[in-house]
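Q: Sending over a structure as structure tokens; questions will come in a sec.
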2 protein chains.
Amino acid sequence: MYILAVDLGGTQIRAARCTPDGRMEGRVAIPTLAAYGPEVVLDRIRQAIRNVWPVGGEPVAALALSAPGPVDAHRGIVRFTPNIPGWKDVPLRDLMAETFRVPTFLANDANLAALGEFRFGAGRGVQDLIYLTISTGIGGGIIIDGRLYEGGQGLGGEVGHMVVEPSGPPCGCGGYGCLEAVASGTAIAREARAALEGGTASLLGHMVDNPEAITAREVAEAAAQGDNLSRRIYARAGFYVGLALVSLMYLFNPALFIIGGSVANAGALLFDPIGQTVRERAQRVYWENISIVPAALGDDVVLLGALALALERIG
Amino acid sequence: MYILAVDLGGTQIRAARCTPDGRMEGRVAIPTLAAYGPEVVLDRIRQAIRNVWPVGGEPVAALALSAPGPVDAHRGIVRFTPNIPGWKDVPLRDLMAETFRVPTFLANDANLAALGEFRFGAGRGVQDLIYLTISTGIGGGIIIDGRLYEGGQGLGGEVGHMVVEPSGPPCGCGGYGCLEAVASGTAIAREARAALEGGTASLLGHMVDNPEAITAREVAEAAAQGDNLSRRIYARAGFYVGLALVSLMYLFNPALFIIGGSVANAGALLFDPIGQTVRERAQRVYWENISIVPAALGDDVVLLGALALALERIG
């Protein structure tokens, strides 16, 4: 028995044939061709699924789909996606179920990554956890009582848009001072560029020809070499992540936070100020029984999460 | 069949004999005598229960207890209470169950108020809602899928300690810029006093002999008479409540917010800036299907919530 997992991204569609114990076979990645419009992208998804369909006639128990951006999980609709032009209220779940005639499930990619870590990664054995992924943007997912929590109307778990700085910079969502706007890789790079352009002395100035080339990765490298500006920028990002965790502790009182994404690769540079902020700002009863750990799974976390979703739903 | 509901407060213990349809009989309120120490308070609670115990021999199906401050709902323990000296990790649920030998339930008072509004008030028929009570402090409760959500370790739903202003004033919890620290009645009164003492012209100066006498109520009255300072202070409190609602929308994507407590009696003065902030700061898909309404129940909301908890638990 196989479950086919598909991860729709802005540039690539990844898919794999999975067994219930988390083994993956025949992994493929094909270009999304987002610029060619919604119909082409739908055909590319079908193509990816056909590429991983078992040829020996083994049964396919389910199709599990991941999409970026807000997904109406209850109705199986992709509300919109920031990186695929023209996608608005696409009933992706039912379209694929029609073509392939197997039980089909759909969820947001960060929500699925949370489920992947819960079932196969750093969250194994913990029933209540919150996962954050910090890279270009900030996404996340919430596991309550061993199940993915998608909110009352299916659009919940968007930790990246909690407001942590009311007078903060504009966010891609239209708001201001969202966690994503002040602590994502994009925000870290923006801060570094602004400081360099403002004349702040920094190793970063010697690492790149042009401030525009700076990413969060260069800032982490400079910080690792002792660069003050870069350390301050990571400390500030960690402070804001810590504030979000404080609010999440008071609301969800979870046993575990898992933090993944490329920015989390900076390790102590990010995790130390997170831990410090939490201990300084939240009451002890909220943080004394909590762990804050890095994600355990790599690039396949979303595919594994899609598999976990299908397993949860087909029982 | 009766359910006995008890609401432990810092100054009063209220209790009533309830029928499953929400009718209350023999309501009593006796002084808590908090200053006399934990053992006396426990005896006062027993006294309140005996006062409402049915004398005709009708069966008592359950005892439902409310306590202020963080309650470990899973283990039935009052962690601590801000207004009752000496209470630390009191196993209130089991102590009362031992004395009265009926199924006994315990929860935080604001959590129970949420449940009361859900079952008997403004939230009837809605399965996913968040309740806030804004008075001296700010508490709240979260209903997910028709049930009270108490967090992974039983201490969740504390909306008053979400951080909404990182550089904000200190909060009673030890943190800074919590919603409670910037939008509670206490915060509203503090802002007004500070402005008067700083020489800001305001009707408030004519309403009280001494700035120390100002409460949120006087600020609301002055605002209703067109006082600019008072209107600005309520607008700012509403802005912060709105920011908290934005974060809650992204996390829980609920269908309804219910806002109660004495400060919410200010009506449009508070609700208008809340609505405006939500529409300006959150994506449309998050607020277009949401209602923000005043609480419907009065002083008995916590007792009704305790009744609702018992009904939920005994099926």
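Residue numbers start at 1 in each chain; chains themselves are named A, B, ... in the order of the structure tokens; ligands are numbered from 1 in the order shown.
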Leu95 (chain A): which residues within 10 Å, counting only C-alpha atoms, same-chain residues fewer than 3 positions away excluded, as a PyMOL selection string?

A: chain A and resi 42+46+76-77+90-92+98-101+104

Q: Just want the 9 Å neighbourhood of region 169-180 of chain A, counted on only C-alpha atoms, with same-chain residues fewer than 3 positions away dropped. Output as number ranges by chain.

A: A: 134, 136-139, 159-166, 183-187, 237, 240-241, 244; B: 247, 280-283

Q: Can you write just those residues out, N, CA and C atoms, as a PDB file, in the first residue's frame?

A:
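Final file, selection07.pdb:
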ATOM      1  N   ILE A 134      11.434  29.102   9.990  1.00  0.00           N
ATOM      2  CA  ILE A 134      11.921  30.464   9.743  1.00  0.00           C
ATOM      3  C   ILE A 134      12.877  30.424   8.565  1.00  0.00           C
ATOM      4  N   THR A 136      12.726  32.337   4.284  1.00  0.00           N
ATOM      5  CA  THR A 136      12.340  33.587   3.620  1.00  0.00           C
ATOM      6  C   THR A 136      11.176  34.237   4.361  1.00  0.00           C
ATOM      7  N   GLY A 137      10.171  33.426   4.664  1.00  0.00           N
ATOM      8  CA  GLY A 137       9.051  33.876   5.490  1.00  0.00           C
ATOM      9  C   GLY A 137       9.049  33.079   6.783  1.00  0.00           C
ATOM     10  N   ILE A 138       7.967  33.201   7.544  1.00  0.00           N
ATOM     11  CA  ILE A 138       7.819  32.388   8.758  1.00  0.00           C
ATOM     12  C   ILE A 138       6.451  31.713   8.729  1.00  0.00           C
ATOM     13  N   GLY A 139       6.481  30.393   8.771  1.00  0.00           N
ATOM     14  CA  GLY A 139       5.233  29.643   8.829  1.00  0.00           C
ATOM     15  C   GLY A 139       5.240  28.780  10.068  1.00  0.00           C
ATOM     16  N   VAL A 159       1.485  31.261  12.551  1.00  0.00           N
ATOM     17  CA  VAL A 159       2.280  31.934  13.579  1.00  0.00           C
ATOM     18  C   VAL A 159       3.101  33.101  13.033  1.00  0.00           C
ATOM     19  N   GLY A 160       3.424  33.071  11.747  1.00  0.00           N
ATOM     20  CA  GLY A 160       4.249  34.125  11.162  1.00  0.00           C
ATOM     21  C   GLY A 160       3.571  35.478  11.117  1.00  0.00           C
ATOM     22  N   HIS A 161       2.246  35.502  11.289  1.00  0.00           N
ATOM     23  CA  HIS A 161       1.549  36.784  11.210  1.00  0.00           C
ATOM     24  C   HIS A 161       0.986  37.251  12.544  1.00  0.00           C
ATOM     25  N   MET A 162       1.454  36.631  13.622  1.00  0.00           N
ATOM     26  CA  MET A 162       1.204  37.227  14.933  1.00  0.00           C
ATOM     27  C   MET A 162       1.897  38.584  14.933  1.00  0.00           C
ATOM     28  N   VAL A 163       1.247  39.586  15.521  1.00  0.00           N
ATOM     29  CA  VAL A 163       1.841  40.919  15.570  1.00  0.00           C
ATOM     30  C   VAL A 163       2.746  40.996  16.799  1.00  0.00           C
ATOM     31  N   VAL A 164       4.044  41.202  16.593  1.00  0.00           N
ATOM     32  CA  VAL A 164       4.968  41.283  17.729  1.00  0.00           C
ATOM     33  C   VAL A 164       5.558  42.681  17.899  1.00  0.00           C
ATOM     34  N   GLU A 165       5.373  43.555  16.921  1.00  0.00           N
ATOM     35  CA  GLU A 165       5.906  44.920  17.018  1.00  0.00           C
ATOM     36  C   GLU A 165       4.938  45.871  16.308  1.00  0.00           C
ATOM     37  N   PRO A 166       3.998  46.477  17.086  1.00  0.00           N
ATOM     38  CA  PRO A 166       2.916  47.265  16.487  1.00  0.00           C
ATOM     39  C   PRO A 166       3.405  48.349  15.543  1.00  0.00           C
ATOM     40  N   ALA A 183      11.559  38.953  11.871  1.00  0.00           N
ATOM     41  CA  ALA A 183      12.462  37.872  12.282  1.00  0.00           C
ATOM     42  C   ALA A 183      12.712  36.832  11.198  1.00  0.00           C
ATOM     43  N   SER A 184      12.189  37.026   9.996  1.00  0.00           N
ATOM     44  CA  SER A 184      12.450  36.076   8.911  1.00  0.00           C
ATOM     45  C   SER A 184      13.839  36.321   8.329  1.00  0.00           C
ATOM     46  N   GLY A 185      14.289  35.413   7.476  1.00  0.00           N
ATOM     47  CA  GLY A 185      15.552  35.611   6.771  1.00  0.00           C
ATOM     48  C   GLY A 185      15.536  36.906   5.972  1.00  0.00           C
ATOM     49  N   THR A 186      14.395  37.193   5.363  1.00  0.00           N
ATOM     50  CA  THR A 186      14.247  38.429   4.600  1.00  0.00           C
ATOM     51  C   THR A 186      14.441  39.647   5.499  1.00  0.00           C
ATOM     52  N   ALA A 187      13.863  39.606   6.704  1.00  0.00           N
ATOM     53  CA  ALA A 187      13.983  40.731   7.636  1.00  0.00           C
ATOM     54  C   ALA A 187      15.428  40.878   8.121  1.00  0.00           C
ATOM     55  N   ALA A 237      16.252  39.352  16.142  1.00  0.00           N
ATOM     56  CA  ALA A 237      15.318  38.388  15.541  1.00  0.00           C
ATOM     57  C   ALA A 237      14.901  37.344  16.582  1.00  0.00           C
ATOM     58  N   TYR A 240      12.358  38.662  19.049  1.00  0.00           N
ATOM     59  CA  TYR A 240      10.984  38.678  18.547  1.00  0.00           C
ATOM     60  C   TYR A 240      10.388  37.271  18.471  1.00  0.00           C
ATOM     61  N   VAL A 241      11.205  36.303  18.067  1.00  0.00           N
ATOM     62  CA  VAL A 241      10.695  34.926  18.078  1.00  0.00           C
ATOM     63  C   VAL A 241      10.330  34.542  19.515  1.00  0.00           C
ATOM     64  N   ALA A 244       7.001  35.943  20.476  1.00  0.00           N
ATOM     65  CA  ALA A 244       5.915  35.139  19.894  1.00  0.00           C
ATOM     66  C   ALA A 244       5.722  33.868  20.713  1.00  0.00           C
TER      67      ALA A 244
ATOM     68  N   SER B 247      -3.708  38.644  15.942  1.00  0.00           N
ATOM     69  CA  SER B 247      -2.887  37.461  16.198  1.00  0.00           C
ATOM     70  C   SER B 247      -3.762  36.233  16.448  1.00  0.00           C
ATOM     71  N   GLU B 280      -7.719  46.886   9.252  1.00  0.00           N
ATOM     72  CA  GLU B 280      -6.502  47.467   8.672  1.00  0.00           C
ATOM     73  C   GLU B 280      -5.318  46.521   8.719  1.00  0.00           C
ATOM     74  N   ARG B 281      -5.279  45.648   9.724  1.00  0.00           N
ATOM     75  CA  ARG B 281      -4.055  44.902   9.983  1.00  0.00           C
ATOM     76  C   ARG B 281      -4.092  43.441   9.558  1.00  0.00           C
ATOM     77  N   ALA B 282      -5.280  42.871   9.447  1.00  0.00           N
ATOM     78  CA  ALA B 282      -5.352  41.444   9.097  1.00  0.00           C
ATOM     79  C   ALA B 282      -5.833  41.281   7.660  1.00  0.00           C
ATOM     80  N   GLN B 283      -5.436  40.173   7.051  1.00  0.00           N
ATOM     81  CA  GLN B 283      -5.908  39.894   5.703  1.00  0.00           C
ATOM     82  C   GLN B 283      -7.421  39.657   5.718  1.00  0.00           C
TER      83      GLN B 283
END

Q: Select from region 116-285 of chain A everything DSSP, run on the backbone, classes as strand (DSSP E or B), then give the selection as a list in words.

A: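 For region 116-285 of chain A, the strand (DSSP E or B) set is Leu129, Ile130, Tyr131, Leu132, Thr133, Ile134, Ile138, Gly139, Gly140, Gly141, Ile142, Ile143, Ile144, Arg147, Leu148, Tyr149, Val163, Pro170, Tyr176, Cys178, Leu256, Phe257, Ile258, Ile259 and Gly260 of chain A.
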
Q: Just the residues within 8 Å of Thr32 (chain A), please, counting only C-alpha atoms, with nothing from its chain fewer than 3 positions along; format it as a list of chain:residue names.

A: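 So the residues in contact are A:Leu8, A:Gly9, A:Gly10, A:Thr11, A:Gln12, A:Ile13, A:Val41, A:Arg44, A:Ile45.
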
Q: Keeping only N, CA and C atoms, write those residues as a PDB file, in the first residue's frame.

A:
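For reference, result-v5.pdb as written:
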ATOM      1  N   LEU A   8       3.628  21.152  -3.476  1.00  0.00           N
ATOM      2  CA  LEU A   8       3.596  22.207  -4.488  1.00  0.00           C
ATOM      3  C   LEU A   8       4.338  23.434  -3.985  1.00  0.00           C
ATOM      4  N   GLY A   9       5.373  23.837  -4.704  1.00  0.00           N
ATOM      5  CA  GLY A   9       6.092  25.062  -4.356  1.00  0.00           C
ATOM      6  C   GLY A   9       6.075  26.028  -5.525  1.00  0.00           C
ATOM      7  N   GLY A  10       6.562  27.233  -5.301  1.00  0.00           N
ATOM      8  CA  GLY A  10       6.557  28.243  -6.346  1.00  0.00           C
ATOM      9  C   GLY A  10       7.473  27.912  -7.515  1.00  0.00           C
ATOM     10  N   THR A  11       8.563  27.174  -7.246  1.00  0.00           N
ATOM     11  CA  THR A  11       9.487  26.849  -8.336  1.00  0.00           C
ATOM     12  C   THR A  11       9.500  25.364  -8.673  1.00  0.00           C
ATOM     13  N   GLN A  12       9.268  24.514  -7.680  1.00  0.00           N
ATOM     14  CA  GLN A  12       9.326  23.072  -7.895  1.00  0.00           C
ATOM     15  C   GLN A  12       8.098  22.379  -7.339  1.00  0.00           C
ATOM     16  N   ILE A  13       7.724  21.296  -7.997  1.00  0.00           N
ATOM     17  CA  ILE A  13       6.741  20.373  -7.416  1.00  0.00           C
ATOM     18  C   ILE A  13       7.503  19.110  -7.069  1.00  0.00           C
ATOM     19  N   VAL A  41      -0.071  24.724 -14.198  1.00  0.00           N
ATOM     20  CA  VAL A  41       0.405  24.239 -12.901  1.00  0.00           C
ATOM     21  C   VAL A  41      -0.388  23.000 -12.472  1.00  0.00           C
ATOM     22  N   ARG A  44       0.949  20.167 -14.280  1.00  0.00           N
ATOM     23  CA  ARG A  44       2.261  19.775 -13.751  1.00  0.00           C
ATOM     24  C   ARG A  44       2.092  18.927 -12.482  1.00  0.00           C
ATOM     25  N   ILE A  45       1.110  19.286 -11.659  1.00  0.00           N
ATOM     26  CA  ILE A  45       0.861  18.487 -10.444  1.00  0.00           C
ATOM     27  C   ILE A  45       0.435  17.071 -10.840  1.00  0.00           C
TER      28      ILE A  45
END

Q: Would you pick out the contacts of Ala67 (chain B) at 8 Å or less, using only C-alpha atoms, so that residues sharing its chain but fewer than 6 positions from it are not included, and give the list as a list in words?

A: Asp7, Leu8, Gly9, Val78, Thr81, Leu106, Ala107, Asn108 and Asp109 of chain B

Q: Please, which residues of chain B lie no more than 6 Å from chain A when the count uses only C-alpha atoms, and can they be set out as a list in words?

A: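 That gives the following set of residues: Asp128, Gly151, Gly152, Gln153, Leu155, Gly156, Gly157, Glu158, Met162, Val163, Gly175, Ser247, Tyr250, Leu251, Phe252, Asn253, Pro254 and Arg281 of chain B.
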
Q: Restricting the output to N, CA and C atoms, write the selected residues as a compact mmCIF listing (two decimals), in the first residue's frame.

A:
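Wrote selection.txt, looks like this:
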# COMPACT_ATOMS: atom_id res chain seq x y z
N ASP B 128 -16.57 27.58 17.38
CA ASP B 128 -15.20 28.05 17.57
C ASP B 128 -15.22 29.54 17.89
N GLY B 151 -5.35 24.22 26.85
CA GLY B 151 -3.91 24.17 26.57
C GLY B 151 -3.34 22.80 26.84
N GLY B 152 -2.16 22.56 26.27
CA GLY B 152 -1.54 21.24 26.35
C GLY B 152 -1.32 20.77 27.78
N GLN B 153 -0.92 21.71 28.67
CA GLN B 153 -0.66 21.32 30.05
C GLN B 153 -1.69 21.93 31.00
N LEU B 155 -2.87 25.07 31.27
CA LEU B 155 -2.74 26.47 31.69
C LEU B 155 -2.95 27.46 30.55
N GLY B 156 -3.59 27.02 29.48
CA GLY B 156 -3.73 27.86 28.29
C GLY B 156 -4.88 28.86 28.35
N GLY B 157 -5.09 29.52 27.22
CA GLY B 157 -6.21 30.45 27.11
C GLY B 157 -5.99 31.78 27.79
N GLU B 158 -4.76 32.09 28.18
CA GLU B 158 -4.48 33.35 28.90
C GLU B 158 -4.25 34.50 27.91
N MET B 162 -0.79 37.82 26.21
CA MET B 162 -0.15 37.94 24.91
C MET B 162 0.62 39.26 24.92
N VAL B 163 1.82 39.24 24.33
CA VAL B 163 2.62 40.47 24.29
C VAL B 163 2.20 41.28 23.07
N GLY B 175 6.07 40.26 33.10
CA GLY B 175 6.46 40.61 31.73
C GLY B 175 6.26 42.09 31.45
N SER B 247 -3.71 38.64 15.94
CA SER B 247 -2.89 37.46 16.20
C SER B 247 -3.76 36.23 16.45
N TYR B 250 -5.16 34.78 13.21
CA TYR B 250 -4.19 34.00 12.44
C TYR B 250 -3.94 32.64 13.08
N LEU B 251 -4.03 32.58 14.40
CA LEU B 251 -3.75 31.32 15.09
C LEU B 251 -4.97 30.40 15.12
N PHE B 252 -6.15 30.98 15.44
CA PHE B 252 -7.33 30.14 15.71
C PHE B 252 -8.40 30.24 14.64
N ASN B 253 -8.33 31.28 13.80
CA ASN B 253 -9.30 31.45 12.72
C ASN B 253 -10.74 31.16 13.20
N PRO B 254 -11.14 31.85 14.30
CA PRO B 254 -12.45 31.54 14.89
C PRO B 254 -13.58 32.23 14.12
N ARG B 281 -5.28 45.65 9.72
CA ARG B 281 -4.06 44.90 9.98
C ARG B 281 -4.09 43.44 9.56

Q: Which is closest to Ile188 (chain A) among A:Ala213, A:Val6, A:Leu304, A:Ala220, if we use only C-alpha atoms?

A: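 Using only C-alpha atoms, Ile188 (chain A) sits closest to A:Ala220.
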
Q: Can you list, as number ranges by chain, all residues belonging to region 51-230 of chain B that DSSP tags as alpha helix (DSSP H)?

A: B: 51-52, 92-100, 109-120, 179-183, 185-197, 204-207, 216-224, 228-230

Q: Please dump the current selection as a PDB file, in the first residue's frame; keep C-alpha atoms.

A:
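For reference, selection_31.pdb as written:
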ATOM      1  CA  ASN B  51     -25.358  26.717  51.856  1.00  0.00           C
ATOM      2  CA  VAL B  52     -26.607  25.684  48.410  1.00  0.00           C
ATOM      3  CA  LEU B  92      -8.821  22.235  45.284  1.00  0.00           C
ATOM      4  CA  ARG B  93     -10.677  19.748  43.103  1.00  0.00           C
ATOM      5  CA  ASP B  94      -9.651  16.669  45.065  1.00  0.00           C
ATOM      6  CA  LEU B  95     -10.068  18.382  48.444  1.00  0.00           C
ATOM      7  CA  MET B  96     -13.703  19.218  47.674  1.00  0.00           C
ATOM      8  CA  ALA B  97     -14.366  15.835  46.077  1.00  0.00           C
ATOM      9  CA  GLU B  98     -13.122  14.220  49.304  1.00  0.00           C
ATOM     10  CA  THR B  99     -15.460  16.287  51.452  1.00  0.00           C
ATOM     11  CA  PHE B 100     -18.588  16.040  49.321  1.00  0.00           C
ATOM     12  CA  ASP B 109     -12.738  31.768  36.049  1.00  0.00           C
ATOM     13  CA  ALA B 110     -12.211  33.486  32.679  1.00  0.00           C
ATOM     14  CA  ASN B 111     -12.085  30.103  30.923  1.00  0.00           C
ATOM     15  CA  LEU B 112     -15.413  29.290  32.553  1.00  0.00           C
ATOM     16  CA  ALA B 113     -16.905  32.630  31.538  1.00  0.00           C
ATOM     17  CA  ALA B 114     -16.025  31.699  27.942  1.00  0.00           C
ATOM     18  CA  LEU B 115     -17.845  28.434  28.375  1.00  0.00           C
ATOM     19  CA  GLY B 116     -20.837  30.236  29.927  1.00  0.00           C
ATOM     20  CA  GLU B 117     -21.149  32.597  26.936  1.00  0.00           C
ATOM     21  CA  PHE B 118     -20.723  29.643  24.570  1.00  0.00           C
ATOM     22  CA  ARG B 119     -23.439  27.544  26.158  1.00  0.00           C
ATOM     23  CA  PHE B 120     -25.918  30.143  27.435  1.00  0.00           C
ATOM     24  CA  LEU B 179      -2.424  43.069  26.560  1.00  0.00           C
ATOM     25  CA  GLU B 180      -3.479  43.420  30.199  1.00  0.00           C
ATOM     26  CA  ALA B 181      -0.738  45.989  30.816  1.00  0.00           C
ATOM     27  CA  VAL B 182      -1.926  48.304  28.011  1.00  0.00           C
ATOM     28  CA  ALA B 183      -5.678  47.751  27.608  1.00  0.00           C
ATOM     29  CA  GLY B 185      -9.242  49.092  33.107  1.00  0.00           C
ATOM     30  CA  THR B 186      -6.179  49.519  35.295  1.00  0.00           C
ATOM     31  CA  ALA B 187      -4.109  50.558  32.255  1.00  0.00           C
ATOM     32  CA  ILE B 188      -6.791  52.983  31.054  1.00  0.00           C
ATOM     33  CA  ALA B 189      -6.964  54.647  34.470  1.00  0.00           C
ATOM     34  CA  ARG B 190      -3.151  54.776  34.710  1.00  0.00           C
ATOM     35  CA  GLU B 191      -2.888  56.523  31.319  1.00  0.00           C
ATOM     36  CA  ALA B 192      -5.522  59.069  32.304  1.00  0.00           C
ATOM     37  CA  ARG B 193      -3.854  59.818  35.626  1.00  0.00           C
ATOM     38  CA  ALA B 194      -0.449  60.199  34.016  1.00  0.00           C
ATOM     39  CA  ALA B 195      -1.826  62.589  31.393  1.00  0.00           C
ATOM     40  CA  LEU B 196      -3.624  64.715  34.011  1.00  0.00           C
ATOM     41  CA  GLU B 197      -0.564  64.829  36.195  1.00  0.00           C
ATOM     42  CA  LEU B 204     -11.538  64.399  33.819  1.00  0.00           C
ATOM     43  CA  GLY B 205      -9.873  67.109  35.861  1.00  0.00           C
ATOM     44  CA  HIS B 206     -13.326  68.471  36.736  1.00  0.00           C
ATOM     45  CA  MET B 207     -14.924  65.094  37.388  1.00  0.00           C
ATOM     46  CA  ALA B 216     -11.798  53.414  33.534  1.00  0.00           C
ATOM     47  CA  ARG B 217     -15.435  54.269  34.195  1.00  0.00           C
ATOM     48  CA  GLU B 218     -14.760  57.990  34.613  1.00  0.00           C
ATOM     49  CA  VAL B 219     -12.614  57.933  31.482  1.00  0.00           C
ATOM     50  CA  ALA B 220     -15.520  56.348  29.563  1.00  0.00           C
ATOM     51  CA  GLU B 221     -17.939  58.964  30.917  1.00  0.00           C
ATOM     52  CA  ALA B 222     -15.647  61.834  29.946  1.00  0.00           C
ATOM     53  CA  ALA B 223     -15.158  60.312  26.487  1.00  0.00           C
ATOM     54  CA  ALA B 224     -18.935  60.056  26.065  1.00  0.00           C
ATOM     55  CA  ASN B 228     -10.404  64.284  23.644  1.00  0.00           C
ATOM     56  CA  LEU B 229      -7.904  62.806  26.059  1.00  0.00           C
ATOM     57  CA  SER B 230     -10.392  60.162  27.183  1.00  0.00           C
TER      58      SER B 230
END

Q: To one decimal place in Å, what is the distance between CA of Ala34 (chain B) and CA of Arg50 (chain B)?

A: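 Computing it gives 19.0 Å between the two atoms.
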
Q: Need to verify the contact set: Phe80 (chain B), 7 Å, only C-alpha atoms, exclusion of same-chain residues closer than 4 positions in sequence. Can you return it as a PyMOL selection string?

A: chain B and resi 69-70+87-89

Q: To one decimal place, how far is CA of Glu288 (chain B) from CA of Phe257 (chain B) in Å?

A: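 For CA of Glu288 (chain B) relative to CA of Phe257 (chain B), the distance reads 12.9 Å.
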
Q: What is the CA of Val301 (chain B)-CA of Gly238 (chain B) distance in Å, reported with one decimal?

A: 23.0 Å

Q: List the neighbours of Ala62 (chain B) out to 7 Å using only C-alpha atoms; skip same-chain residues closer than 5 positions along the sequence, and give me the result as number ranges by chain.

A: B: 3-4, 102-104, 310

Q: Using only C-alpha atoms, which protein or nucleic acid residues come within 12 Å of Gly56 (chain A)? Drop anything in the same chain fewer than 4 positions from it, and give the result as an MDAnalysis selection string.

A: chainID A and resid 1:2 52 60

Q: Next, write the just-selected residues to a file, as a PDB file, in the first residue's frame, keeping C-alpha atoms as the atom set.

A:
ATOM      1  CA  MET A   1       0.000   0.000   0.000  1.00  0.00           C
ATOM      2  CA  TYR A   2       1.287   3.427  -0.954  1.00  0.00           C
ATOM      3  CA  VAL A  52       5.407   8.480  -8.713  1.00  0.00           C
ATOM      4  CA  VAL A  60      -2.656   3.730  -3.749  1.00  0.00           C
TER       5      VAL A  60
END
